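Structure data follow from final.cif (mmCIF, C-alpha atoms):
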data_final
#
loop_
_atom_site.group_PDB
_atom_site.id
_atom_site.type_symbol
_atom_site.label_atom_id
_atom_site.label_comp_id
_atom_site.auth_asym_id
_atom_site.auth_seq_id
_atom_site.Cartn_x
_atom_site.Cartn_y
_atom_site.Cartn_z
ATOM 1 C CA MET A 1 134.838 92.817 80.419
ATOM 2 C CA SER A 2 135.276 89.684 82.490
ATOM 3 C CA ALA A 3 132.578 87.034 82.689
ATOM 4 C CA PRO A 4 130.203 87.458 85.606
ATOM 5 C CA THR A 5 131.166 85.386 88.617
ATOM 6 C CA LEU A 6 128.751 83.265 90.648
ATOM 7 C CA ASP A 7 128.874 85.964 93.335
ATOM 8 C CA ASP A 8 127.835 88.598 90.777
ATOM 9 C CA GLN A 9 124.956 86.413 89.679
ATOM 10 C CA LYS A 10 123.840 85.842 93.260
ATOM 11 C CA ALA A 11 123.965 89.572 94.018
ATOM 12 C CA LYS A 12 121.913 90.258 90.894
ATOM 13 C CA LEU A 13 119.331 87.653 91.879
ATOM 14 C CA ASP A 14 119.159 88.949 95.464
ATOM 15 C CA ALA A 15 118.554 92.454 94.111
ATOM 16 C CA TYR A 16 115.781 91.049 91.926
ATOM 17 C CA TYR A 17 114.069 89.214 94.815
ATOM 18 C CA GLY A 18 114.168 92.393 96.899
ATOM 19 C CA GLU A 19 111.891 91.982 99.908
ATOM 20 C CA PHE A 20 110.594 88.589 98.706
ATOM 21 C CA THR A 21 113.228 86.426 100.316
ATOM 22 C CA SER A 22 111.424 83.312 101.556
ATOM 23 C CA ASP A 23 112.120 80.062 99.712
ATOM 24 C CA LYS A 24 108.475 79.899 98.702
ATOM 25 C CA GLU A 25 108.493 83.422 97.284
ATOM 26 C CA LYS A 26 111.732 82.804 95.402
ATOM 27 C CA GLU A 27 110.207 79.637 93.962
ATOM 28 C CA VAL A 28 107.253 81.566 92.510
ATOM 29 C CA LEU A 29 109.558 84.278 91.167
ATOM 30 C CA GLN A 30 111.196 81.676 88.928
ATOM 31 C CA VAL A 31 108.158 82.205 86.677
ATOM 32 C CA PRO A 32 108.981 85.807 85.703
ATOM 33 C CA LEU A 33 112.701 85.014 85.735
ATOM 34 C CA LYS A 34 112.125 82.186 83.277
ATOM 35 C CA LEU A 35 110.079 84.415 80.990
ATOM 36 C CA VAL A 36 112.640 87.233 81.120
ATOM 37 C CA GLY A 37 115.389 84.722 80.276
ATOM 38 C CA ALA A 38 113.446 83.305 77.331
ATOM 39 C CA TRP A 39 112.659 86.801 76.067
ATOM 40 C CA ALA A 40 116.358 87.739 76.186
ATOM 41 C CA ARG A 41 116.956 84.876 73.713
ATOM 42 C CA ASN A 42 113.825 85.886 71.721
ATOM 43 C CA ASP A 43 112.772 82.301 72.381
ATOM 44 C CA ALA A 44 109.040 81.949 71.631
ATOM 45 C CA ASP A 45 108.967 78.336 72.836
ATOM 46 C CA GLY A 46 110.610 79.343 76.095
ATOM 47 C CA VAL A 47 108.012 82.067 76.676
ATOM 48 C CA ALA A 48 105.098 79.800 75.723
ATOM 49 C CA ASP A 49 106.348 76.987 77.943
ATOM 50 C CA THR A 50 106.221 79.314 80.949
ATOM 51 C CA PHE A 51 102.423 79.184 80.620
ATOM 52 C CA THR A 52 100.015 76.458 81.641
ATOM 53 C CA GLU A 53 98.457 74.530 78.768
ATOM 54 C CA ASP A 54 95.428 76.876 78.877
ATOM 55 C CA GLY A 55 97.285 79.994 80.078
ATOM 56 C CA ILE A 56 96.078 83.428 79.007
ATOM 57 C CA LEU A 57 98.109 86.380 77.720
ATOM 58 C CA ILE A 58 96.541 89.862 77.664
ATOM 59 C CA LEU A 59 98.389 92.894 76.299
ATOM 60 C CA PRO A 60 97.347 96.358 75.160
ATOM 61 C CA GLY A 61 96.926 96.453 71.396
ATOM 62 C CA ASP A 62 94.061 93.954 71.329
ATOM 63 C CA VAL A 63 96.145 90.927 72.299
ATOM 64 C CA LEU A 64 94.167 88.147 74.003
ATOM 65 C CA LYS A 65 95.840 84.766 73.546
ATOM 66 C CA LYS A 66 94.291 81.665 75.054
ATOM 67 C CA GLY A 67 96.458 78.627 75.534
ATOM 68 C CA ARG A 68 100.149 77.887 75.167
ATOM 69 C CA GLU A 69 99.921 77.341 71.399
ATOM 70 C CA GLU A 70 98.338 80.727 70.725
ATOM 71 C CA VAL A 71 100.996 82.334 72.924
ATOM 72 C CA ARG A 72 103.722 80.480 71.033
ATOM 73 C CA ALA A 73 102.435 81.598 67.616
ATOM 74 C CA PHE A 74 102.054 85.182 68.810
ATOM 75 C CA MET A 75 105.575 85.304 70.239
ATOM 76 C CA GLN A 76 107.088 83.684 67.146
ATOM 77 C CA ALA A 77 105.552 86.400 64.976
ATOM 78 C CA ALA A 78 106.522 89.115 67.468
ATOM 79 C CA TYR A 79 110.189 88.049 67.588
ATOM 80 C CA ALA A 80 110.275 87.995 63.803
ATOM 81 C CA GLY A 81 108.802 91.486 63.720
ATOM 82 C CA PRO A 82 108.079 94.203 66.288
ATOM 83 C CA PHE A 83 109.871 92.547 69.253
ATOM 84 C CA LYS A 84 112.946 91.460 67.303
ATOM 85 C CA GLY A 85 116.081 92.014 69.368
ATOM 86 C CA THR A 86 114.152 93.382 72.325
ATOM 87 C CA GLY A 87 114.545 92.325 75.923
ATOM 88 C CA VAL A 88 112.170 92.644 78.831
ATOM 89 C CA THR A 89 112.741 93.608 82.427
ATOM 90 C CA GLY A 90 110.668 93.906 85.576
ATOM 91 C CA GLN A 91 110.931 94.180 89.325
ATOM 92 C CA PRO A 92 108.497 92.436 91.687
ATOM 93 C CA VAL A 93 106.591 94.943 93.833
ATOM 94 C CA ASP A 94 103.919 92.665 95.320
ATOM 95 C CA LEU A 95 103.622 88.930 95.828
ATOM 96 C CA ARG A 96 100.746 87.256 97.587
ATOM 97 C CA PHE A 97 99.709 83.652 98.003
ATOM 98 C CA VAL A 98 96.014 83.157 97.331
ATOM 99 C CA THR A 99 96.411 79.499 98.356
ATOM 100 C CA ASP A 100 99.523 77.342 98.739
ATOM 101 C CA ASP A 101 99.351 76.647 95.003
ATOM 102 C CA VAL A 102 98.087 79.945 93.619
ATOM 103 C CA ALA A 103 100.123 83.153 93.754
ATOM 104 C CA LEU A 104 99.774 86.648 92.355
ATOM 105 C CA ILE A 105 102.851 88.671 91.473
ATOM 106 C CA ARG A 106 102.806 92.306 90.437
ATOM 107 C CA THR A 107 105.850 93.724 88.693
ATOM 108 C CA HIS A 108 106.909 97.077 87.275
ATOM 109 C CA GLY A 109 108.844 96.689 84.074
ATOM 110 C CA GLY A 110 108.736 96.998 80.339
ATOM 111 C CA ILE A 111 110.186 96.049 77.001
ATOM 112 C CA LEU A 112 113.814 97.034 76.380
ATOM 113 C CA ALA A 113 114.542 98.273 72.887
ATOM 114 C CA PRO A 114 117.450 96.420 71.218
ATOM 115 C CA GLY A 115 120.695 97.225 73.034
ATOM 116 C CA GLU A 116 118.989 99.296 75.750
ATOM 117 C CA THR A 117 119.239 98.611 79.482
ATOM 118 C CA GLU A 118 116.686 101.240 80.556
ATOM 119 C CA ILE A 119 112.970 101.209 79.773
ATOM 120 C CA ASP A 120 111.709 104.008 77.565
ATOM 121 C CA PRO A 121 109.012 105.739 79.733
ATOM 122 C CA GLU A 122 106.489 105.139 76.949
ATOM 123 C CA LEU A 123 107.100 101.383 77.238
ATOM 124 C CA ALA A 124 106.798 101.186 81.045
ATOM 125 C CA VAL A 125 104.155 98.745 82.236
ATOM 126 C CA ARG A 126 102.468 97.362 85.330
ATOM 127 C CA SER A 127 102.040 93.604 85.139
ATOM 128 C CA THR A 128 99.989 91.027 86.991
ATOM 129 C CA TRP A 129 101.206 87.427 86.917
ATOM 130 C CA VAL A 130 98.738 84.738 87.949
ATOM 131 C CA CYS A 131 100.824 81.724 88.937
ATOM 132 C CA VAL A 132 99.765 78.182 89.787
ATOM 133 C CA LYS A 133 101.741 75.238 91.109
ATOM 134 C CA LYS A 134 101.181 71.943 89.319
ATOM 135 C CA ASP A 135 103.246 68.778 89.579
ATOM 136 C CA GLY A 136 105.729 70.537 91.837
ATOM 137 C CA GLN A 137 106.364 73.408 89.432
ATOM 138 C CA TRP A 138 105.025 76.961 89.124
ATOM 139 C CA TRP A 139 103.384 77.980 85.866
ATOM 140 C CA LEU A 140 101.842 81.100 84.438
ATOM 141 C CA ALA A 141 98.037 80.772 84.274
ATOM 142 C CA GLY A 142 97.666 84.391 83.225
ATOM 143 C CA TYR A 143 99.804 87.377 82.338
ATOM 144 C CA GLN A 144 98.581 90.864 81.716
ATOM 145 C CA ASN A 145 100.116 94.285 81.510
ATOM 146 C CA SER A 146 98.999 97.837 81.090
ATOM 147 C CA PRO A 147 100.723 101.195 80.677
ATOM 148 C CA ARG A 148 102.505 102.728 83.670
ATOM 149 C CA GLY A 149 102.961 106.467 84.056
ATOM 150 C CA ALA A 150 101.655 109.056 81.614
ATOM 151 C CA GLY A 151 100.387 106.383 79.224
ATOM 152 C CA ALA A 152 97.775 105.174 81.740
ATOM 153 C CA THR A 153 94.552 106.631 80.368
ATOM 154 C CA LEU A 154 91.111 106.860 81.988
ATOM 155 C CA ARG A 155 89.973 103.326 82.583
ATOM 156 C CA TRP A 156 89.118 101.071 85.427
ATOM 157 C CA MET B 1 70.722 74.260 104.420
ATOM 158 C CA THR B 2 67.912 72.383 102.718
ATOM 159 C CA THR B 3 68.472 69.728 100.104
ATOM 160 C CA THR B 4 66.034 71.289 97.640
ATOM 161 C CA SER B 5 66.873 74.948 97.328
ATOM 162 C CA PRO B 6 64.896 76.638 94.558
ATOM 163 C CA VAL B 7 67.143 79.708 94.720
ATOM 164 C CA SER B 8 70.586 79.579 93.142
ATOM 165 C CA GLU B 9 73.596 80.757 95.133
ATOM 166 C CA ALA B 10 74.067 83.630 92.687
ATOM 167 C CA SER B 11 70.453 84.754 93.103
ATOM 168 C CA ARG B 12 70.804 84.607 96.881
ATOM 169 C CA LEU B 13 74.091 86.583 96.899
ATOM 170 C CA LEU B 14 72.623 89.304 94.702
ATOM 171 C CA ALA B 15 69.331 89.449 96.604
ATOM 172 C CA GLU B 16 71.265 89.901 99.850
ATOM 173 C CA LYS B 17 72.768 93.053 98.369
ATOM 174 C CA GLY B 18 69.465 94.248 96.939
ATOM 175 C CA VAL B 19 70.660 93.813 93.371
ATOM 176 C CA GLN B 20 68.481 92.674 90.501
ATOM 177 C CA GLU B 21 70.025 89.589 88.889
ATOM 178 C CA ASP B 22 70.960 90.089 85.241
ATOM 179 C CA PHE B 23 70.357 86.635 83.768
ATOM 180 C CA GLY B 24 71.957 87.647 80.474
ATOM 181 C CA PHE B 25 75.213 88.590 82.197
ATOM 182 C CA TYR B 26 76.426 84.999 82.518
ATOM 183 C CA ARG B 27 76.591 84.254 78.785
ATOM 184 C CA GLU B 28 77.929 80.691 78.447
ATOM 185 C CA PHE B 29 79.095 80.548 82.076
ATOM 186 C CA THR B 30 75.922 79.129 83.567
ATOM 187 C CA SER B 31 77.055 76.519 86.090
ATOM 188 C CA GLU B 32 75.952 77.350 89.640
ATOM 189 C CA LYS B 33 79.548 77.985 90.647
ATOM 190 C CA GLU B 34 80.356 80.185 87.645
ATOM 191 C CA LYS B 35 77.236 82.239 88.251
ATOM 192 C CA ALA B 36 78.152 82.640 91.924
ATOM 193 C CA VAL B 37 81.616 83.922 90.933
ATOM 194 C CA LEU B 38 80.046 86.294 88.413
ATOM 195 C CA THR B 39 78.020 87.956 91.156
ATOM 196 C CA ILE B 40 81.192 89.965 91.839
ATOM 197 C CA PRO B 41 81.386 91.724 88.445
ATOM 198 C CA GLN B 42 77.624 92.338 88.696
ATOM 199 C CA LEU B 43 77.984 93.856 92.173
ATOM 200 C CA ILE B 44 80.923 95.983 91.060
ATOM 201 C CA LYS B 45 78.881 97.197 88.089
ATOM 202 C CA GLU B 46 76.103 98.084 90.546
ATOM 203 C CA GLY B 47 78.634 99.963 92.716
ATOM 204 C CA TRP B 48 79.468 102.066 89.669
ATOM 205 C CA ALA B 49 75.788 102.528 88.763
ATOM 206 C CA ARG B 50 75.124 103.813 92.275
ATOM 207 C CA ASN B 51 78.383 105.807 92.365
ATOM 208 C CA ASP B 52 78.748 104.285 95.835
ATOM 209 C CA GLY B 53 82.317 103.833 97.116
ATOM 210 C CA ASP B 54 81.239 101.703 100.085
ATOM 211 C CA PHE B 55 79.091 99.373 97.995
ATOM 212 C CA PHE B 56 81.991 99.083 95.544
ATOM 213 C CA ALA B 57 84.749 98.492 98.126
ATOM 214 C CA ASP B 58 82.792 95.965 100.188
ATOM 215 C CA ASN B 59 83.178 93.440 97.366
ATOM 216 C CA PHE B 60 86.931 93.247 98.012
ATOM 217 C CA VAL B 61 88.862 91.146 100.505
ATOM 218 C CA GLU B 62 90.636 93.185 103.158
ATOM 219 C CA ASN B 63 93.943 93.228 101.239
ATOM 220 C CA GLY B 64 92.245 93.602 97.860
ATOM 221 C CA SER B 65 94.275 94.993 94.982
ATOM 222 C CA LEU B 66 92.935 97.381 92.335
ATOM 223 C CA LEU B 67 94.725 99.324 89.619
ATOM 224 C CA MET B 68 92.922 102.517 88.594
ATOM 225 C CA GLN B 69 94.753 104.197 85.723
ATOM 226 C CA ASP B 70 98.213 104.677 87.281
ATOM 227 C CA GLU B 71 97.056 104.386 90.894
ATOM 228 C CA GLN B 72 97.775 101.015 92.507
ATOM 229 C CA LEU B 73 95.510 100.423 95.514
ATOM 230 C CA THR B 74 96.339 97.549 97.861
ATOM 231 C CA SER B 75 93.620 97.405 100.516
ATOM 232 C CA ARG B 76 89.838 97.580 100.804
ATOM 233 C CA GLU B 77 90.095 100.823 102.793
ATOM 234 C CA GLN B 78 92.317 102.481 100.175
ATOM 235 C CA ILE B 79 89.840 101.367 97.530
ATOM 236 C CA ARG B 80 86.921 102.740 99.556
ATOM 237 C CA GLU B 81 88.626 106.106 99.996
ATOM 238 C CA PHE B 82 89.787 106.376 96.387
ATOM 239 C CA MET B 83 86.444 105.390 94.852
ATOM 240 C CA THR B 84 84.371 107.505 97.264
ATOM 241 C CA ALA B 85 86.460 110.522 96.242
ATOM 242 C CA GLY B 86 86.313 109.402 92.601
ATOM 243 C CA PHE B 87 82.518 109.127 92.563
ATOM 244 C CA ALA B 88 82.355 112.666 93.953
ATOM 245 C CA GLY B 89 84.922 113.787 91.368
ATOM 246 C CA ILE B 90 86.242 112.377 88.107
ATOM 247 C CA TYR B 91 83.905 109.342 88.062
ATOM 248 C CA LYS B 92 80.782 111.335 88.985
ATOM 249 C CA GLY B 93 77.919 110.047 86.864
ATOM 250 C CA ALA B 94 80.137 107.420 85.233
ATOM 251 C CA ARG B 95 79.075 103.790 85.017
ATOM 252 C CA VAL B 96 80.622 100.663 83.553
ATOM 253 C CA ASP B 97 79.571 97.886 81.278
ATOM 254 C CA GLY B 98 81.302 94.530 81.050
ATOM 255 C CA TRP B 99 80.854 90.887 80.163
ATOM 256 C CA PRO B 100 82.746 87.675 80.894
ATOM 257 C CA LEU B 101 85.128 86.158 78.333
ATOM 258 C CA GLU B 102 86.759 83.384 80.365
ATOM 259 C CA ILE B 103 86.484 81.698 83.733
ATOM 260 C CA ARG B 104 89.096 79.291 85.118
ATOM 261 C CA PHE B 105 89.024 77.737 88.567
ATOM 262 C CA LEU B 106 92.619 77.741 89.802
ATOM 263 C CA ALA B 107 91.506 76.051 93.017
ATOM 264 C CA ASP B 108 88.142 75.076 94.449
ATOM 265 C CA ASP B 109 87.738 78.539 95.986
ATOM 266 C CA VAL B 110 89.811 80.631 93.547
ATOM 267 C CA ALA B 111 88.480 81.833 90.197
ATOM 268 C CA PHE B 112 90.400 83.597 87.444
ATOM 269 C CA VAL B 113 87.976 85.622 85.340
ATOM 270 C CA VAL B 114 88.625 87.668 82.206
ATOM 271 C CA THR B 115 86.095 90.310 81.204
ATOM 272 C CA GLN B 116 85.814 92.930 78.520
ATOM 273 C CA GLY B 117 84.124 96.277 79.042
ATOM 274 C CA GLY B 118 84.896 99.784 80.134
ATOM 275 C CA ILE B 119 83.787 103.065 81.658
ATOM 276 C CA ILE B 120 80.852 104.953 80.178
ATOM 277 C CA LEU B 121 81.036 108.641 81.015
ATOM 278 C CA PRO B 122 77.966 110.816 81.645
ATOM 279 C CA GLY B 123 76.294 111.669 78.360
ATOM 280 C CA GLU B 124 77.746 108.629 76.590
ATOM 281 C CA THR B 125 75.607 105.674 75.579
ATOM 282 C CA GLU B 126 78.361 103.152 74.995
ATOM 283 C CA ILE B 127 82.012 102.478 75.813
ATOM 284 C CA ALA B 128 84.267 104.809 73.829
ATOM 285 C CA PRO B 129 86.932 102.847 71.875
ATOM 286 C CA GLN B 130 89.782 104.437 73.849
ATOM 287 C CA ARG B 131 88.168 103.282 77.109
ATOM 288 C CA GLU B 132 87.622 99.647 76.109
ATOM 289 C CA ILE B 133 89.441 97.299 78.438
ATOM 290 C CA ARG B 134 90.054 93.656 79.201
ATOM 291 C CA ALA B 135 90.341 92.889 82.878
ATOM 292 C CA VAL B 136 91.732 90.059 84.968
ATOM 293 C CA TRP B 137 89.799 89.374 88.160
ATOM 294 C CA ILE B 138 90.953 87.021 90.906
ATOM 295 C CA ILE B 139 87.825 86.136 92.860
ATOM 296 C CA VAL B 140 88.029 84.035 96.028
ATOM 297 C CA LYS B 141 85.465 82.389 98.252
ATOM 298 C CA ARG B 142 85.313 83.699 101.806
ATOM 299 C CA GLY B 143 82.672 82.007 103.929
ATOM 300 C CA ASP B 144 79.389 82.039 102.016
ATOM 301 C CA ALA B 145 80.327 84.739 99.526
ATOM 302 C CA TRP B 146 82.832 85.355 96.777
ATOM 303 C CA LYS B 147 85.117 88.388 97.107
ATOM 304 C CA LEU B 148 87.447 90.256 94.802
ATOM 305 C CA MET B 149 91.138 89.909 95.567
ATOM 306 C CA SER B 150 92.654 91.538 92.496
ATOM 307 C CA HIS B 151 91.492 93.524 89.480
ATOM 308 C CA GLN B 152 93.642 95.018 86.738
ATOM 309 C CA SER B 153 92.604 96.140 83.298
ATOM 310 C CA SER B 154 94.507 96.538 80.063
ATOM 311 C CA PRO B 155 93.353 98.932 77.367
ATOM 312 C CA VAL B 156 92.211 97.051 74.257
ATOM 313 C CA LYS B 157 93.538 99.790 71.988
ATOM 314 C CA GLY B 158 97.012 101.233 72.342
#

Take the structure I supplied and represent it as structure tokens, if you would.
Amino acid sequence: MSAPTLDDQKAKLDAYYGEFTSDKEKEVLQVPLKLVGAWARNDADGVADTFTEDGILILPGDVLKKGREEVRAFMQAAYAGPFKGTGVTGQPVDLRFVTDDVALIRTHGGILAPGETEIDPELAVRSTWVCVKKDGQWWLAGYQNSPRGAGATLRW
Amino acid sequence: MTTTSPVSEASRLLAEKGVQEDFGFYREFTSEKEKAVLTIPQLIKEGWARNDGDFFADNFVENGSLLMQDEQLTSREQIREFMTAGFAGIYKGARVDGWPLEIRFLADDVAFVVTQGGIILPGETEIAPQREIRAVWIIVKRGDAWKLMSHQSSPVKG
């Protein structure tokens, strides 16, 4: 297999951006792209540094992490254990600017088991990304996901 | 507006909707602004208590976003329709409980709130473990009132 060319990479990125093609939208979408990239390397620091200093991570399974350092410790343990070798993927389905410096992204995605390129239906999630712009850069103030599909139980 | 208002903004917002203020609801989030933001979870809770889809939906901005189980709603009118049908159907007699865990102001008029809680079905006295959730609320100021722009929950268990 030959190495991907710049054109391949651009096509892949364009497919990722989908309908969100303005410069401003693409700028915000660097937040999930950065997290996906860090996850692919199982890089806990990279994931944690996507968050604001006091960013919040909420996952099913009683995970509520407050602040970059709690996120870092959680991800370090996860990559040494249950998430070892996994990837993560997701497609933006909604992006709205609450203000010029606050944006909400919704994605459909999930964790990829080691070596897989498709999400196991049981691992499919709906995510909300709360993004804020500080010092010219977008950060993750909050990330949350919940089951998508048959795993979504009665709740509000 | 007078300079010495004896009534807090939160009290006024709730009174306007005919809702009894729950002074215990605020926990440690007792600044005037935090309390005003937390009128939204109280009003939503009241919408559930009344099983009233209109009362519930009117707390959202026009393009409000709400995830219910696997149903993603993206406007106030969709929310109104879905919840009105729900209160006549699967949510009939259901109510919710909830309490704030975190409040962050992302901008002067944008609050990021995390709550814990869940649905209590008819005949139940507390939230069943499988229905415990943590929710992210994006609450924005529109004119004199705060409105809900986005709500998603994640199951605590699972």

(request) Record the distance separating CA of Asp45 in chain A and CA of Phe74 in chain A, expressed in Å with one decimal. (result) 10.5 Å

(request) For Lys141 in chain B, please output as a PyMOL selection string all residues within 7 Å (counting all atoms listed in the file; exclusion window: fewer than 5 positions along the same chain). (result) chain B and resi 109-110+146-147

(request) Output the residue selection produced by the PyMOL selection byres ((chain A) within 7 of (chain B)) on the file above, formatted as number ranges by chain. (result) A: 59-62, 145-146, 148-149, 152-156

(message) Can you pull out the residues contacting range 84-94 of chain A? Cut-off 7 Å, using only C-alpha atoms, and skip same-chain residues under 3 positions away; I want them as a ChimeraX atom specification.
(response) /A:16,36,39-40,42,78-81,105-114

(request) Check what the PyMOL selection byres ((chain A and resi 143) around 8) selects in the file above and give those residues as a ChimeraX atom specification. (result) /A:56-58,127-130,140-142,144-145

(request) Do a neighbour search on Ile40 in chain B at 10 Å with all atoms listed in the file, toss out local chain neighbours closer than 5 positions, and write the hits as JSON, numbers by chain. (result) {"B": [10, 13, 14, 35, 45, 46, 56, 59, 60, 137, 139, 140, 145, 146, 147, 148]}

Can you tell me, as AutoDock Vina command-line options, the centre and edge lengths (Å, one decimal) of the axis-aligned box enclosing all of range 129-135 of chain A's listed atoms after padding each side by 8 Å?
--center_x 101.0 --center_y 78.1 --center_z 89.0 --size_x 20.5 --size_y 34.6 --size_z 20.2

(request) Select, from B:Asp52, B:Glu126, B:Gln78, B:Glu16, the residue with the minimum atom-to-atom distance to Gly64 in chain B, counting only C-alpha atoms. (result) B:Gln78

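Shortest separation to Trp139 in chain A among A:Asp7, A:Glu53, A:Glu118, A:Asp14 occurs at residue A:Glu53, atoms counted being only C-alpha atoms.
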
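Reported to one decimal place, the separation of CA of Gly98 in chain B from CA of Leu43 in chain B is 11.6 Å.
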
(request) One decimal, Å: what's the distance from CA of Leu38 in chain B over to CA of Arg126 in chain A, could you say? (result) 25.2 Å

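Those residues returned by the PyMOL selection byres ((chain B and resi 122) around 10) for this file are Tyr91, Lys92, Gly93, Ala94, Arg95, Ile119, Ile120, Leu121, Gly123, Glu124 and Thr125 of chain B.
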
(request) Tell me which of B:Phe55, B:Ile103, B:Gly24, B:Asp97 sits closest to Thr84 in chain B, counting only C-alpha atoms. (result) B:Phe55

Keeping N, CA and C atoms, write range 134-149 of chain B of the structure just shown out as a compact mmCIF listing (two decimals), in the first residue's frame.
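Result saved to selection.txt:
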# COMPACT_ATOMS: atom_id res chain seq x y z
N ARG B 134 -26.60 11.54 34.02
CA ARG B 134 -25.97 12.85 34.18
C ARG B 134 -26.23 13.60 32.88
N ALA B 135 -26.61 14.85 33.02
CA ALA B 135 -27.00 15.61 31.83
C ALA B 135 -26.18 16.88 31.69
N VAL B 136 -25.92 17.22 30.43
CA VAL B 136 -25.28 18.49 30.09
C VAL B 136 -26.35 19.41 29.52
N TRP B 137 -26.46 20.58 30.12
CA TRP B 137 -27.43 21.59 29.70
C TRP B 137 -26.64 22.82 29.22
N ILE B 138 -26.98 23.32 28.04
CA ILE B 138 -26.46 24.62 27.62
C ILE B 138 -27.64 25.59 27.72
N ILE B 139 -27.50 26.56 28.61
CA ILE B 139 -28.59 27.47 28.94
C ILE B 139 -28.14 28.88 28.59
N VAL B 140 -28.95 29.57 27.79
CA VAL B 140 -28.54 30.89 27.26
C VAL B 140 -29.55 31.95 27.65
N LYS B 141 -29.06 33.17 27.80
CA LYS B 141 -29.96 34.27 28.15
C LYS B 141 -30.55 34.88 26.90
N ARG B 142 -31.86 35.00 26.87
CA ARG B 142 -32.58 35.61 25.76
C ARG B 142 -33.51 36.66 26.36
N GLY B 143 -33.16 37.93 26.17
CA GLY B 143 -33.97 38.98 26.78
C GLY B 143 -33.85 38.89 28.29
N ASP B 144 -35.00 38.83 28.96
CA ASP B 144 -35.01 38.80 30.43
C ASP B 144 -34.87 37.41 31.01
N ALA B 145 -35.02 36.40 30.17
CA ALA B 145 -35.11 35.02 30.70
C ALA B 145 -33.99 34.15 30.16
N TRP B 146 -33.73 33.08 30.88
CA TRP B 146 -32.79 32.07 30.41
C TRP B 146 -33.58 30.98 29.68
N LYS B 147 -32.97 30.43 28.63
CA LYS B 147 -33.64 29.39 27.83
C LYS B 147 -32.68 28.23 27.59
N LEU B 148 -33.27 27.09 27.33
CA LEU B 148 -32.47 25.88 27.12
C LEU B 148 -32.15 25.71 25.63
N MET B 149 -30.86 25.63 25.33
CA MET B 149 -30.45 25.43 23.95
C MET B 149 -30.16 23.97 23.65
